[in-house]
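Colleague: run.csv is reproduced in full below (CSV, C-alpha atoms).
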```csv
chain,number,residue,atom,x,y,z
A,1,MET,CA,152.3,14.1,-63.8
A,2,TYR,CA,154.9,12.7,-61.3
A,3,ASP,CA,155.8,9.1,-61.7
A,4,GLY,CA,153.3,8.8,-64.5
A,5,GLY,CA,155.1,5.7,-66.0
A,6,LYS,CA,155.0,3.8,-62.8
A,7,ILE,CA,151.4,4.5,-62.1
A,8,ILE,CA,150.3,3.5,-65.6
A,9,THR,CA,152.3,0.3,-65.5
A,10,GLY,CA,150.9,-0.5,-62.0
A,11,LEU,CA,147.3,0.1,-63.3
A,12,LEU,CA,148.0,-2.2,-66.3
A,13,VAL,CA,149.4,-5.0,-64.1
A,14,PHE,CA,146.4,-4.6,-61.8
A,15,LEU,CA,143.9,-4.8,-64.7
A,16,ILE,CA,145.5,-7.9,-66.1
A,17,LEU,CA,145.6,-9.6,-62.7
A,18,VAL,CA,141.9,-8.8,-62.1
A,19,THR,CA,140.7,-10.2,-65.4
A,20,VAL,CA,142.8,-13.4,-65.4
A,21,PRO,CA,139.8,-15.6,-64.7
A,22,VAL,CA,138.1,-14.2,-67.8
A,23,TRP,CA,141.1,-14.8,-70.0
A,24,PHE,CA,141.7,-18.3,-68.5
A,25,ASN,CA,138.1,-19.4,-69.3
A,26,ALA,CA,138.2,-17.9,-72.8
A,27,ALA,CA,141.4,-19.8,-73.5
A,28,THR,CA,140.2,-23.2,-72.1
A,29,HIS,CA,136.7,-22.9,-73.5
A,30,ALA,CA,135.3,-23.7,-70.0
A,31,GLN,CA,131.6,-23.3,-69.5
A,32,ALA,CA,129.3,-23.5,-66.5
A,33,ARG,CA,128.3,-27.1,-66.3
A,34,ALA,CA,124.8,-28.0,-65.3
A,35,PRO,CA,124.7,-30.6,-62.5
A,36,GLN,CA,124.4,-34.2,-63.7
A,37,LEU,CA,121.2,-35.5,-62.3
A,38,LYS,CA,120.6,-39.1,-61.6
A,39,LEU,CA,117.1,-39.8,-62.8
A,40,PRO,CA,115.1,-42.7,-61.3
A,41,GLU,CA,115.4,-46.0,-63.1
A,42,GLY,CA,112.2,-47.8,-63.9
A,43,ALA,CA,110.1,-44.6,-64.2
A,44,THR,CA,109.7,-42.4,-67.2
A,45,ALA,CA,107.6,-39.5,-66.0
A,46,CYS,CA,107.3,-37.4,-62.9
A,47,VAL,CA,104.1,-36.5,-61.2
A,48,GLU,CA,103.9,-33.4,-63.5
A,49,PRO,CA,105.6,-32.5,-66.7
A,50,THR,CA,109.4,-32.3,-66.3
A,51,ALA,CA,109.7,-28.6,-67.1
A,52,GLU,CA,107.0,-27.7,-64.7
A,53,MET,CA,108.5,-29.9,-62.0
A,54,ARG,CA,111.9,-28.2,-62.5
A,55,ALA,CA,110.4,-24.8,-62.1
A,56,THR,CA,107.7,-25.3,-59.5
A,57,HIS,CA,108.3,-28.4,-57.5
A,58,MET,CA,108.6,-26.3,-54.3
A,59,GLU,CA,105.2,-24.9,-54.8
A,60,LEU,CA,103.8,-28.4,-55.5
A,61,LEU,CA,105.3,-29.6,-52.2
A,62,ASN,CA,103.8,-26.7,-50.4
A,63,ARG,CA,100.4,-27.5,-51.8
A,64,TRP,CA,100.8,-31.1,-50.9
A,65,ARG,CA,101.7,-30.6,-47.4
A,66,ASN,CA,98.8,-28.2,-46.8
A,67,ALA,CA,96.4,-30.6,-48.4
A,68,ALA,CA,97.7,-33.6,-46.5
A,69,VAL,CA,98.2,-32.1,-43.1
A,70,ARG,CA,95.5,-29.4,-43.0
A,71,SER,CA,92.7,-30.7,-45.3
A,72,ASP,CA,93.1,-34.5,-44.9
A,73,GLU,CA,93.5,-34.9,-48.7
A,74,ARG,CA,96.3,-37.3,-48.8
A,75,PHE,CA,95.9,-39.1,-52.1
A,76,PHE,CA,95.7,-38.0,-55.7
A,77,THR,CA,95.1,-39.9,-59.0
A,78,MET,CA,97.4,-39.4,-61.9
A,79,PRO,CA,95.9,-39.0,-65.4
A,80,ASP,CA,97.0,-42.6,-66.1
A,81,GLY,CA,95.0,-43.8,-63.1
A,82,LYS,CA,97.9,-44.4,-60.7
A,83,VAL,CA,97.2,-43.3,-57.1
A,84,TYR,CA,99.9,-41.5,-55.2
A,85,GLU,CA,100.1,-40.3,-51.6
A,86,LYS,CA,100.9,-36.6,-51.2
A,87,SER,CA,104.0,-37.3,-49.3
A,88,LEU,CA,107.6,-36.1,-49.5
A,89,SER,CA,109.3,-39.2,-48.2
A,90,LEU,CA,106.8,-41.8,-49.3
A,91,THR,CA,106.3,-40.5,-52.9
A,92,CYS,CA,109.0,-38.1,-54.2
A,93,LEU,CA,111.8,-39.9,-52.4
A,94,LYS,CA,110.5,-43.4,-53.0
A,95,CYS,CA,110.9,-42.8,-56.7
A,96,HIS,CA,113.8,-40.4,-56.7
A,97,ASP,CA,115.6,-42.7,-54.3
A,98,ASN,CA,119.0,-41.3,-54.9
A,99,LYS,CA,118.6,-38.0,-53.0
A,100,GLU,CA,122.4,-37.1,-53.1
A,101,GLU,CA,122.6,-37.3,-56.8
A,102,PHE,CA,119.3,-35.7,-57.6
A,103,CYS,CA,117.8,-33.2,-55.2
A,104,ASP,CA,121.0,-32.4,-53.4
A,105,ARG,CA,123.1,-32.2,-56.5
A,106,CYS,CA,120.8,-29.6,-58.0
A,107,HIS,CA,120.3,-27.7,-54.8
A,108,ASN,CA,124.0,-27.6,-54.0
A,109,TYR,CA,124.7,-26.2,-57.4
A,110,LEU,CA,122.0,-23.5,-56.8
A,111,ALA,CA,122.9,-23.0,-53.2
A,112,VAL,CA,119.4,-23.9,-52.0
A,113,SER,CA,119.1,-25.8,-48.7
A,114,PRO,CA,115.6,-26.9,-47.9
A,115,TYR,CA,115.2,-27.5,-44.2
A,116,CYS,CA,112.6,-30.3,-44.7
A,117,TRP,CA,115.2,-33.0,-43.8
A,118,ASP,CA,115.5,-31.7,-40.2
A,119,CYS,CA,112.3,-33.7,-39.7
A,120,HIS,CA,111.5,-35.8,-42.8
A,121,VAL,CA,113.7,-38.8,-42.9
A,122,GLU,CA,116.0,-39.3,-45.9
A,123,PRO,CA,115.9,-42.6,-47.7
A,124,LYS,CA,119.2,-43.9,-46.3
A,125,GLY,CA,119.0,-42.2,-42.9
A,126,GLY,CA,121.5,-39.7,-41.7
A,127,ARG,CA,121.4,-36.0,-42.5
A,128,SER,CA,123.0,-33.9,-45.2
B,1,MET,CA,85.5,34.1,-43.8
B,2,THR,CA,89.2,34.3,-42.9
B,3,VAL,CA,90.9,31.7,-40.8
B,4,ASP,CA,94.2,32.5,-39.1
B,5,ARG,CA,96.9,29.8,-38.5
B,6,ARG,CA,95.8,29.2,-34.9
B,7,GLY,CA,92.2,28.7,-36.0
B,8,PHE,CA,93.1,26.4,-38.8
B,9,PHE,CA,95.1,24.0,-36.4
B,10,LYS,CA,92.2,23.9,-34.0
B,11,LEU,CA,89.8,23.0,-36.7
B,12,ALA,CA,92.1,20.3,-38.2
B,13,GLY,CA,92.7,18.8,-34.7
B,14,LEU,CA,88.9,18.6,-34.1
B,15,GLY,CA,88.3,17.0,-37.5
B,16,ALA,CA,91.0,14.3,-36.9
B,17,LEU,CA,89.5,13.5,-33.4
B,18,GLY,CA,86.1,13.2,-34.9
B,19,LEU,CA,87.3,10.8,-37.6
B,20,ALA,CA,89.2,8.6,-35.1
B,21,GLY,CA,86.3,8.6,-32.8
B,22,ALA,CA,83.8,7.6,-35.5
B,23,ARG,CA,86.0,4.7,-36.6
B,24,SER,CA,86.6,3.3,-33.1
B,25,LEU,CA,82.9,3.2,-32.3
B,26,PRO,CA,81.9,0.0,-34.1
B,27,VAL,CA,84.9,-1.8,-32.6
B,28,LEU,CA,83.9,-0.9,-29.1
B,29,GLY,CA,80.3,-1.9,-29.9
B,30,ASN,CA,81.1,-5.5,-30.9
B,31,PRO,CA,80.2,-8.1,-28.3
B,32,LEU,CA,83.0,-10.4,-27.2
B,33,PRO,CA,83.1,-13.8,-28.7
B,34,SER,CA,81.5,-16.3,-26.3
B,35,PRO,CA,84.3,-18.4,-24.7
B,36,SER,CA,82.7,-21.8,-24.5
B,37,PRO,CA,80.0,-22.9,-26.9
B,38,PRO,CA,77.6,-25.2,-25.2
B,39,GLU,CA,77.5,-28.8,-26.4
B,40,SER,CA,74.3,-29.3,-28.2
B,41,GLY,CA,73.4,-32.9,-28.7
B,42,PRO,CA,75.4,-35.5,-30.6
B,43,PRO,CA,77.1,-34.2,-33.8
B,44,SER,CA,76.4,-35.4,-37.3
B,45,GLY,CA,78.9,-36.7,-39.8
B,46,VAL,CA,82.2,-38.0,-38.5
B,47,ARG,CA,83.4,-37.2,-35.0
B,48,TRP,CA,86.3,-39.3,-33.8
B,49,GLY,CA,86.5,-40.2,-30.2
B,50,MET,CA,88.1,-42.7,-27.9
B,51,VAL,CA,86.7,-44.8,-25.0
B,52,VAL,CA,89.3,-46.2,-22.4
B,53,ASP,CA,88.2,-49.0,-20.1
B,54,LEU,CA,90.2,-48.2,-17.0
B,55,ARG,CA,89.4,-51.6,-15.3
B,56,ALA,CA,90.5,-53.6,-18.4
B,57,CYS,CA,93.7,-51.5,-18.5
B,58,LEU,CA,94.4,-52.1,-14.8
B,59,HIS,CA,94.1,-55.9,-15.2
B,60,ASP,CA,97.5,-55.6,-16.8
B,61,GLU,CA,99.1,-52.8,-14.8
B,62,GLY,CA,102.7,-53.1,-16.1
B,63,CYS,CA,101.7,-53.3,-19.7
B,64,GLN,CA,103.3,-50.6,-21.9
B,65,ASP,CA,102.1,-51.9,-25.3
B,66,CYS,CA,100.2,-48.9,-26.4
B,67,ILE,CA,102.9,-46.5,-25.3
B,68,LEU,CA,105.6,-48.4,-27.1
B,69,ALA,CA,103.5,-48.7,-30.2
B,70,CYS,CA,103.0,-45.0,-30.3
B,71,ASP,CA,106.6,-44.2,-29.5
B,72,HIS,CA,107.6,-46.3,-32.4
B,73,ALA,CA,105.0,-45.2,-34.9
B,74,HIS,CA,105.8,-41.5,-34.3
B,75,ASN,CA,109.5,-41.5,-33.7
B,76,ILE,CA,109.2,-40.2,-30.2
B,77,PRO,CA,112.5,-39.7,-28.5
B,78,GLN,CA,113.4,-41.3,-25.1
B,79,LEU,CA,115.2,-38.4,-23.4
B,80,PRO,CA,117.2,-39.2,-20.2
B,81,ASP,CA,116.4,-35.8,-18.6
B,82,ARG,CA,112.8,-36.0,-17.4
B,83,LYS,CA,112.4,-32.2,-17.7
B,84,HIS,CA,112.8,-32.6,-21.5
B,85,GLU,CA,110.5,-35.5,-21.7
B,86,VAL,CA,108.4,-35.8,-24.9
B,87,LYS,CA,105.2,-37.9,-24.5
B,88,TRP,CA,102.1,-38.5,-26.6
B,89,ILE,CA,100.5,-41.2,-24.4
B,90,TRP,CA,101.5,-42.0,-20.9
B,91,LYS,CA,100.4,-43.4,-17.5
B,92,ASP,CA,99.9,-41.4,-14.4
B,93,PRO,CA,98.3,-42.3,-11.0
B,94,TYR,CA,94.5,-42.0,-11.1
B,95,GLU,CA,94.3,-39.0,-8.7
B,96,GLU,CA,96.6,-37.0,-11.0
B,97,VAL,CA,94.7,-37.9,-14.2
B,98,PHE,CA,91.3,-37.3,-12.6
B,99,PRO,CA,92.0,-34.7,-9.8
B,100,MET,CA,88.3,-33.6,-10.0
B,101,GLN,CA,87.0,-37.1,-9.4
B,102,ALA,CA,89.5,-38.2,-6.7
B,103,HIS,CA,89.0,-37.8,-3.0
B,104,GLU,CA,90.5,-39.1,0.2
B,105,TYR,CA,88.2,-42.1,0.5
B,106,LEU,CA,88.8,-43.3,-3.1
B,107,GLU,CA,88.6,-47.0,-3.5
B,108,ASP,CA,91.8,-49.0,-3.3
B,109,ALA,CA,91.5,-50.4,-6.8
B,110,LEU,CA,92.0,-47.0,-8.3
B,111,ARG,CA,94.1,-45.0,-5.8
B,112,GLY,CA,97.7,-44.8,-6.9
B,113,HIS,CA,97.1,-47.1,-9.8
B,114,PRO,CA,98.1,-45.9,-13.3
B,115,ALA,CA,95.5,-44.4,-15.7
B,116,LEU,CA,96.2,-43.8,-19.4
B,117,ALA,CA,96.4,-40.2,-20.5
B,118,PHE,CA,96.8,-38.6,-23.9
B,119,CYS,CA,95.4,-35.6,-25.9
B,120,ASN,CA,91.7,-35.4,-25.3
B,121,HIS,CA,91.0,-33.9,-28.7
B,122,CYS,CA,88.7,-31.4,-27.0
B,123,ASN,CA,85.5,-30.2,-28.6
B,124,ASN,CA,86.4,-26.7,-27.3
B,125,PRO,CA,90.2,-26.9,-27.4
B,126,PRO,CA,92.0,-24.1,-25.5
B,127,CYS,CA,95.3,-24.8,-27.3
B,128,VAL,CA,93.7,-24.0,-30.6
B,129,ARG,CA,92.3,-20.7,-29.3
B,130,VAL,CA,95.8,-19.5,-28.2
B,131,CYS,CA,97.9,-20.7,-31.2
B,132,PRO,CA,99.0,-17.5,-33.0
B,133,THR,CA,99.9,-19.3,-36.3
B,134,LYS,CA,97.1,-21.9,-36.6
B,135,ALA,CA,99.7,-24.6,-36.3
B,136,THR,CA,97.3,-26.4,-34.1
B,137,PHE,CA,93.7,-26.5,-35.3
B,138,ARG,CA,90.6,-28.5,-35.0
B,139,ARG,CA,89.4,-30.5,-38.0
B,140,GLU,CA,85.7,-30.9,-38.8
B,141,ASP,CA,85.9,-34.6,-37.7
B,142,GLY,CA,87.0,-33.5,-34.2
B,143,LEU,CA,90.8,-34.2,-34.5
B,144,VAL,CA,92.9,-31.5,-32.9
B,145,MET,CA,95.8,-31.5,-35.3
B,146,MET,CA,99.4,-30.2,-35.2
B,147,ASP,CA,100.8,-28.7,-38.4
B,148,TRP,CA,104.5,-28.9,-37.5
B,149,HIS,CA,105.3,-26.8,-40.5
B,150,ARG,CA,103.7,-23.8,-38.9
B,151,CYS,CA,104.8,-24.3,-35.3
B,152,ILE,CA,107.0,-21.4,-34.2
B,153,GLY,CA,107.7,-22.9,-30.7
B,154,CYS,CA,106.0,-20.1,-28.7
B,155,ARG,CA,104.5,-22.7,-26.3
B,156,TYR,CA,101.3,-20.8,-25.7
B,157,CYS,CA,99.4,-24.1,-26.3
B,158,ILE,CA,101.4,-25.8,-23.6
B,159,ALA,CA,100.4,-23.2,-21.2
B,160,ALA,CA,96.8,-23.4,-22.3
B,161,CYS,CA,96.4,-27.2,-22.2
B,162,PRO,CA,95.0,-28.2,-18.8
B,163,TYR,CA,96.0,-31.9,-19.3
B,164,GLY,CA,99.7,-31.6,-19.9
B,165,SER,CA,99.2,-33.3,-23.2
B,166,ARG,CA,101.8,-31.2,-25.0
B,167,SER,CA,105.6,-31.5,-25.0
B,168,PHE,CA,108.2,-29.1,-26.2
B,169,ASN,CA,111.4,-30.3,-28.0
B,170,TRP,CA,114.1,-28.7,-25.9
B,171,VAL,CA,116.8,-30.6,-27.6
B,172,ASP,CA,117.3,-32.2,-31.0
B,173,PRO,CA,115.3,-35.5,-30.7
B,174,ARG,CA,117.0,-37.5,-33.4
B,175,PRO,CA,119.9,-38.9,-31.4
B,176,TYR,CA,117.4,-40.2,-28.8
B,177,ILE,CA,115.2,-42.2,-31.1
B,178,GLU,CA,116.1,-45.8,-30.9
B,179,LYS,CA,115.1,-46.8,-34.4
B,180,ILE,CA,113.9,-44.1,-36.7
B,181,ASP,CA,110.8,-45.1,-38.7
B,182,PRO,CA,111.2,-43.4,-42.1
B,183,GLU,CA,107.4,-43.4,-42.6
B,184,PHE,CA,106.8,-40.6,-40.1
B,185,PRO,CA,108.9,-37.5,-39.9
B,186,THR,CA,110.7,-36.7,-36.7
B,187,ARG,CA,110.5,-33.2,-35.2
B,188,THR,CA,113.2,-30.7,-34.6
B,189,ARG,CA,114.3,-28.7,-31.6
B,190,GLY,CA,111.9,-25.8,-31.0
B,191,VAL,CA,108.6,-27.3,-31.9
B,192,VAL,CA,105.7,-28.6,-29.8
B,193,GLU,CA,104.2,-32.0,-30.3
B,194,LYS,CA,101.3,-34.1,-29.1
B,195,CYS,CA,99.0,-37.0,-29.9
B,196,ASN,CA,97.4,-36.6,-33.4
B,197,PHE,CA,95.0,-39.6,-33.0
B,198,CYS,CA,97.1,-41.2,-35.7
B,199,ASP,CA,95.6,-39.1,-38.5
B,200,GLU,CA,98.1,-40.6,-40.9
B,201,ARG,CA,96.8,-44.1,-40.1
B,202,LEU,CA,93.1,-43.0,-40.2
B,203,ALA,CA,93.7,-41.7,-43.7
B,204,ARG,CA,94.6,-45.3,-44.6
B,205,ASN,CA,91.6,-46.7,-42.8
B,206,GLU,CA,93.6,-48.1,-40.0
B,207,GLN,CA,93.0,-47.9,-36.2
B,208,PRO,CA,95.3,-45.7,-34.1
B,209,ALA,CA,98.5,-47.4,-33.2
B,210,CYS,CA,97.7,-47.6,-29.5
B,211,VAL,CA,94.3,-49.2,-30.1
B,212,ALA,CA,95.8,-51.7,-32.5
B,213,ALA,CA,98.5,-52.6,-30.0
B,214,CYS,CA,96.3,-53.0,-26.9
B,215,ARG,CA,96.0,-56.7,-26.0
B,216,ASN,CA,93.4,-56.1,-23.3
B,217,GLY,CA,90.7,-54.5,-25.4
B,218,ALA,CA,90.9,-51.5,-23.1
B,219,MET,CA,90.9,-48.9,-25.9
B,220,THR,CA,88.1,-48.4,-28.4
B,221,PHE,CA,88.2,-45.8,-31.2
B,222,GLY,CA,85.3,-44.8,-33.4
B,223,ASN,CA,82.8,-42.4,-34.7
B,224,LEU,CA,80.9,-40.6,-31.9
B,225,ALA,CA,78.4,-39.3,-34.4
B,226,ASP,CA,77.2,-42.7,-35.3
B,227,PRO,CA,74.7,-44.1,-32.8
B,228,THR,CA,75.5,-47.7,-33.8
B,229,SER,CA,79.3,-47.4,-33.4
B,230,THR,CA,81.1,-49.4,-30.7
B,231,VAL,CA,82.1,-46.3,-28.9
B,232,ARG,CA,78.5,-45.1,-28.7
B,233,LEU,CA,77.3,-48.5,-27.6
B,234,LEU,CA,79.9,-48.7,-24.9
B,235,LEU,CA,79.0,-45.2,-23.7
B,236,LYS,CA,75.3,-46.1,-23.7
B,237,SER,CA,75.8,-49.2,-21.6
B,238,ARG,CA,78.4,-48.1,-19.0
B,239,TYR,CA,79.1,-45.2,-16.8
B,240,SER,CA,81.8,-42.9,-18.2
B,241,ILE,CA,83.8,-39.9,-17.0
B,242,ARG,CA,86.0,-37.3,-18.7
B,243,ARG,CA,89.1,-35.5,-17.5
B,244,LYS,CA,88.5,-32.2,-15.7
B,245,PRO,CA,85.0,-31.8,-17.1
B,246,ALA,CA,84.4,-28.5,-15.2
B,247,LEU,CA,86.8,-26.7,-17.4
B,248,GLY,CA,84.4,-26.7,-20.3
B,249,THR,CA,86.9,-28.2,-22.8
B,250,HIS,CA,84.5,-31.1,-23.7
B,251,PRO,CA,87.1,-33.9,-24.1
B,252,GLU,CA,86.3,-36.5,-26.8
B,253,VAL,CA,88.1,-39.2,-24.8
B,254,PHE,CA,85.9,-41.0,-22.3
B,255,TYR,CA,86.9,-43.3,-19.5
B,256,LEU,CA,84.8,-46.2,-18.3
B,257,VAL,CA,85.2,-46.8,-14.5
```
Mind turning this structure into structure tokens?
Modeller:
Amino acid sequence: MYDGGKIITGLLVFLILVTVPVWFNAATHAQARAPQLKLPEGATACVEPTAEMRATHMELLNRWRNAAVRSDERFFTMPDGKVYEKSLSLTCLKCHDNKEEFCDRCHNYLAVSPYCWDCHVEPKGGRS
Amino acid sequence: MTVDRRGFFKLAGLGALGLAGARSLPVLGNPLPSPSPPESGPPSGVRWGMVVDLRACLHDEGCQDCILACDHAHNIPQLPDRKHEVKWIWKDPYEEVFPMQAHEYLEDALRGHPALAFCNHCNNPPCVRVCPTKATFRREDGLVMMDWHRCIGCRYCIAACPYGSRSFNWVDPRPYIEKIDPEFPTRTRGVVEKCNFCDERLARNEQPACVAACRNGAMTFGNLADPTSTVRLLLKSRYSIRRKPALGTHPEVFYLV
């Protein structure tokens, strides 16, 4: 093999450079950090169990908007008797009033960008 | 029996033709859906409708209360370019609102004077018939609704509506809304919008914003299916007209003249 030494050294250097991030994380014990969500104060429960909300809130919102806009079913009663309007701005965002540190923080982390805010007004005005 | 290659292809072709023909027959046999169901007596249940008293409105010709109330309640932008105008309720000269009822000897009290116009929430709405996504649909209670989540901006409905009740968002409306009301979503560029008879207020048992704002009692909203409702009593006691009645759209907005 011509220039075998040079080629092998080159390959080794390349391998080390490519895997630097792995070594770096192993050495500093870094871990992917889940986003720190700001939960609403003064409320203890969401409209559905937390785990379910985390996994399926987009489906719930889809059901709500079809019910409210298409079937004129705008209100629903919680098991504890509280009545809520099926509304994005008037229910979800009234309670989760810190959109930046709740919805946005999780969505940015996951690279999801719902287009709802093109029309629905965010609590503090302006757009993200 | 032996079949050569030529014979086989001939038979296969004939068979395919026969199959295709048989399946197309029922389609050809179907009668076309009738375009305009005739109106058969007053409906039962709830059927929302509006009565506009043109004279009462004309007493206060410069009044814009209903228009301003609607603009505010629904975040309607005020665009400087008239070609981009977005309107839910507006005033136009009588002859333009009622071209079929106007003539050259029209009385002075009406000629050139403004008449209120907005979506007629037709019983037989052409906009609903042409919408490819069911973004606009007619509710059981007579409201012709917009589901902005489904609108793809094709503008067929604008072409279909004979009353000019629909506007297209050519530009992003948000910069042109004086004060955004967070209670009602704005729209974006690329969707159509129109009067929704304030379905969001009806759900809370409130009157439409324009009716609540009118200080001349010129607008009455109510249940056309209920013979004792104010709208029905008004229609029973006074002569009323509708916009472009000959088109067969059966508007549920009536005008007292």
Colleague: Show me as a ChimeraX atom specification the residues that reach within 12 Å of (101.2, -41.2, -8.2), counting all atoms listed in the file and using the file's own coordinates.
Modeller: /B:91-99,110-115
Colleague: Could you please take those selected residues and save C-alpha atoms as a PDB file, in the coordinates of the input?
Modeller:
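Saved result, selection_30.pdb, follows:
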```pdb
ATOM      1  CA  LYS B  91     100.400 -43.400 -17.500  1.00  0.00           C
ATOM      2  CA  ASP B  92      99.900 -41.400 -14.400  1.00  0.00           C
ATOM      3  CA  PRO B  93      98.300 -42.300 -11.000  1.00  0.00           C
ATOM      4  CA  TYR B  94      94.500 -42.000 -11.100  1.00  0.00           C
ATOM      5  CA  GLU B  95      94.300 -39.000  -8.700  1.00  0.00           C
ATOM      6  CA  GLU B  96      96.600 -37.000 -11.000  1.00  0.00           C
ATOM      7  CA  VAL B  97      94.700 -37.900 -14.200  1.00  0.00           C
ATOM      8  CA  PHE B  98      91.300 -37.300 -12.600  1.00  0.00           C
ATOM      9  CA  PRO B  99      92.000 -34.700  -9.800  1.00  0.00           C
ATOM     10  CA  LEU B 110      92.000 -47.000  -8.300  1.00  0.00           C
ATOM     11  CA  ARG B 111      94.100 -45.000  -5.800  1.00  0.00           C
ATOM     12  CA  GLY B 112      97.700 -44.800  -6.900  1.00  0.00           C
ATOM     13  CA  HIS B 113      97.100 -47.100  -9.800  1.00  0.00           C
ATOM     14  CA  PRO B 114      98.100 -45.900 -13.300  1.00  0.00           C
ATOM     15  CA  ALA B 115      95.500 -44.400 -15.700  1.00  0.00           C
TER      16      ALA B 115
END
```
Colleague: Kindly provide the residues of chain A that approach chain B to within 12 Å, each paired with its closest atom pair and their distance in Å to one decimal, based on all atoms listed in the file, listed by chain and increasing number, as JSON lines.
Modeller:
```
{"residue": "A:Asn62", "atom": "CA", "partner": "B:His149", "partner_atom": "CA", "distance": 10.0}
{"residue": "A:Arg65", "atom": "CA", "partner": "B:His149", "partner_atom": "CA", "distance": 8.7}
{"residue": "A:Asn66", "atom": "CA", "partner": "B:Asp147", "partner_atom": "CA", "distance": 8.6}
{"residue": "A:Ala67", "atom": "CA", "partner": "B:Asp147", "partner_atom": "CA", "distance": 11.1}
{"residue": "A:Ala68", "atom": "CA", "partner": "B:Glu200", "partner_atom": "CA", "distance": 9.0}
{"residue": "A:Val69", "atom": "CA", "partner": "B:Asp147", "partner_atom": "CA", "distance": 6.4}
{"residue": "A:Arg70", "atom": "CA", "partner": "B:Asp147", "partner_atom": "CA", "distance": 7.1}
{"residue": "A:Ser71", "atom": "CA", "partner": "B:Arg139", "partner_atom": "CA", "distance": 8.0}
{"residue": "A:Asp72", "atom": "CA", "partner": "B:Ala203", "partner_atom": "CA", "distance": 7.3}
{"residue": "A:Glu73", "atom": "CA", "partner": "B:Ala203", "partner_atom": "CA", "distance": 8.4}
{"residue": "A:Arg74", "atom": "CA", "partner": "B:Ala203", "partner_atom": "CA", "distance": 7.2}
{"residue": "A:Phe75", "atom": "CA", "partner": "B:Ala203", "partner_atom": "CA", "distance": 9.1}
{"residue": "A:Glu85", "atom": "CA", "partner": "B:Arg204", "partner_atom": "CA", "distance": 10.2}
{"residue": "A:Lys86", "atom": "CA", "partner": "B:Glu200", "partner_atom": "CA", "distance": 11.4}
{"residue": "A:Ser87", "atom": "CA", "partner": "B:Glu183", "partner_atom": "CA", "distance": 9.7}
{"residue": "A:Leu88", "atom": "CA", "partner": "B:Pro185", "partner_atom": "CA", "distance": 9.8}
{"residue": "A:Ser89", "atom": "CA", "partner": "B:Glu183", "partner_atom": "CA", "distance": 7.3}
{"residue": "A:Leu90", "atom": "CA", "partner": "B:Glu183", "partner_atom": "CA", "distance": 6.9}
{"residue": "A:Thr91", "atom": "CA", "partner": "B:Glu183", "partner_atom": "CA", "distance": 10.8}
{"residue": "A:Leu93", "atom": "CA", "partner": "B:Pro182", "partner_atom": "CA", "distance": 10.9}
{"residue": "A:Lys94", "atom": "CA", "partner": "B:Glu183", "partner_atom": "CA", "distance": 10.9}
{"residue": "A:Tyr115", "atom": "CA", "partner": "B:Thr188", "partner_atom": "CA", "distance": 10.3}
{"residue": "A:Cys116", "atom": "CA", "partner": "B:His149", "partner_atom": "CA", "distance": 9.1}
{"residue": "A:Trp117", "atom": "CA", "partner": "B:Pro185", "partner_atom": "CA", "distance": 8.7}
{"residue": "A:Asp118", "atom": "CA", "partner": "B:Thr188", "partner_atom": "CA", "distance": 6.1}
{"residue": "A:Cys119", "atom": "CA", "partner": "B:Thr186", "partner_atom": "CA", "distance": 4.5}
{"residue": "A:His120", "atom": "CA", "partner": "B:Pro185", "partner_atom": "CA", "distance": 4.2}
{"residue": "A:Val121", "atom": "CA", "partner": "B:Pro182", "partner_atom": "CA", "distance": 5.3}
{"residue": "A:Glu122", "atom": "CA", "partner": "B:Pro182", "partner_atom": "CA", "distance": 7.4}
{"residue": "A:Pro123", "atom": "CA", "partner": "B:Pro182", "partner_atom": "CA", "distance": 7.4}
{"residue": "A:Lys124", "atom": "CA", "partner": "B:Pro182", "partner_atom": "CA", "distance": 9.0}
{"residue": "A:Gly125", "atom": "CA", "partner": "B:Pro182", "partner_atom": "CA", "distance": 7.9}
{"residue": "A:Gly126", "atom": "CA", "partner": "B:Arg174", "partner_atom": "CA", "distance": 9.7}
{"residue": "A:Arg127", "atom": "CA", "partner": "B:Arg174", "partner_atom": "CA", "distance": 10.2}
```
Colleague: So the first atom is atom CA of B:Arg166 and the second is atom CA of B:Met50; what is the distance between them in Å, to one decimal place?
Modeller: 18.1 Å
Colleague: Show me, as a ChimeraX atom specification, the residues that have an atom within 6 Å of stretch 27-39 of chain A when counting only C-alpha atoms, minus same-chain residues fewer than 2 positions from it.
Modeller: /A:24-25,101-102
Colleague: Please measure the separation of atom CA of B:Val51 and atom CA of B:Gln101, giving the value in Å to one decimal.
Modeller: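 Taking atom CA of B:Val51 as the start and atom CA of B:Gln101 as the end point, the length is 17.4 Å.
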Colleague: What lies within 12 Å of A:Ala43 using all atoms listed in the file, ignoring chain neighbours under 5 positions off, as a list in words?
Modeller: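 Those residues are Cys92, Lys94, Cys95, His96 and Asp97 of chain A.
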Colleague: Using all atoms listed in the file for the distances, tell me which of A:Gly4, A:Pro79, A:Arg63, A:Arg54 is nearest to A:His107.
Modeller: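 Among the listed residues, the smallest separation from A:His107 belongs to A:Arg54.
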Colleague: One decimal, Å: what's the distance from atom CA of A:Ala111 over to atom CA of A:Glu59, could you say?
Modeller: 17.9 Å
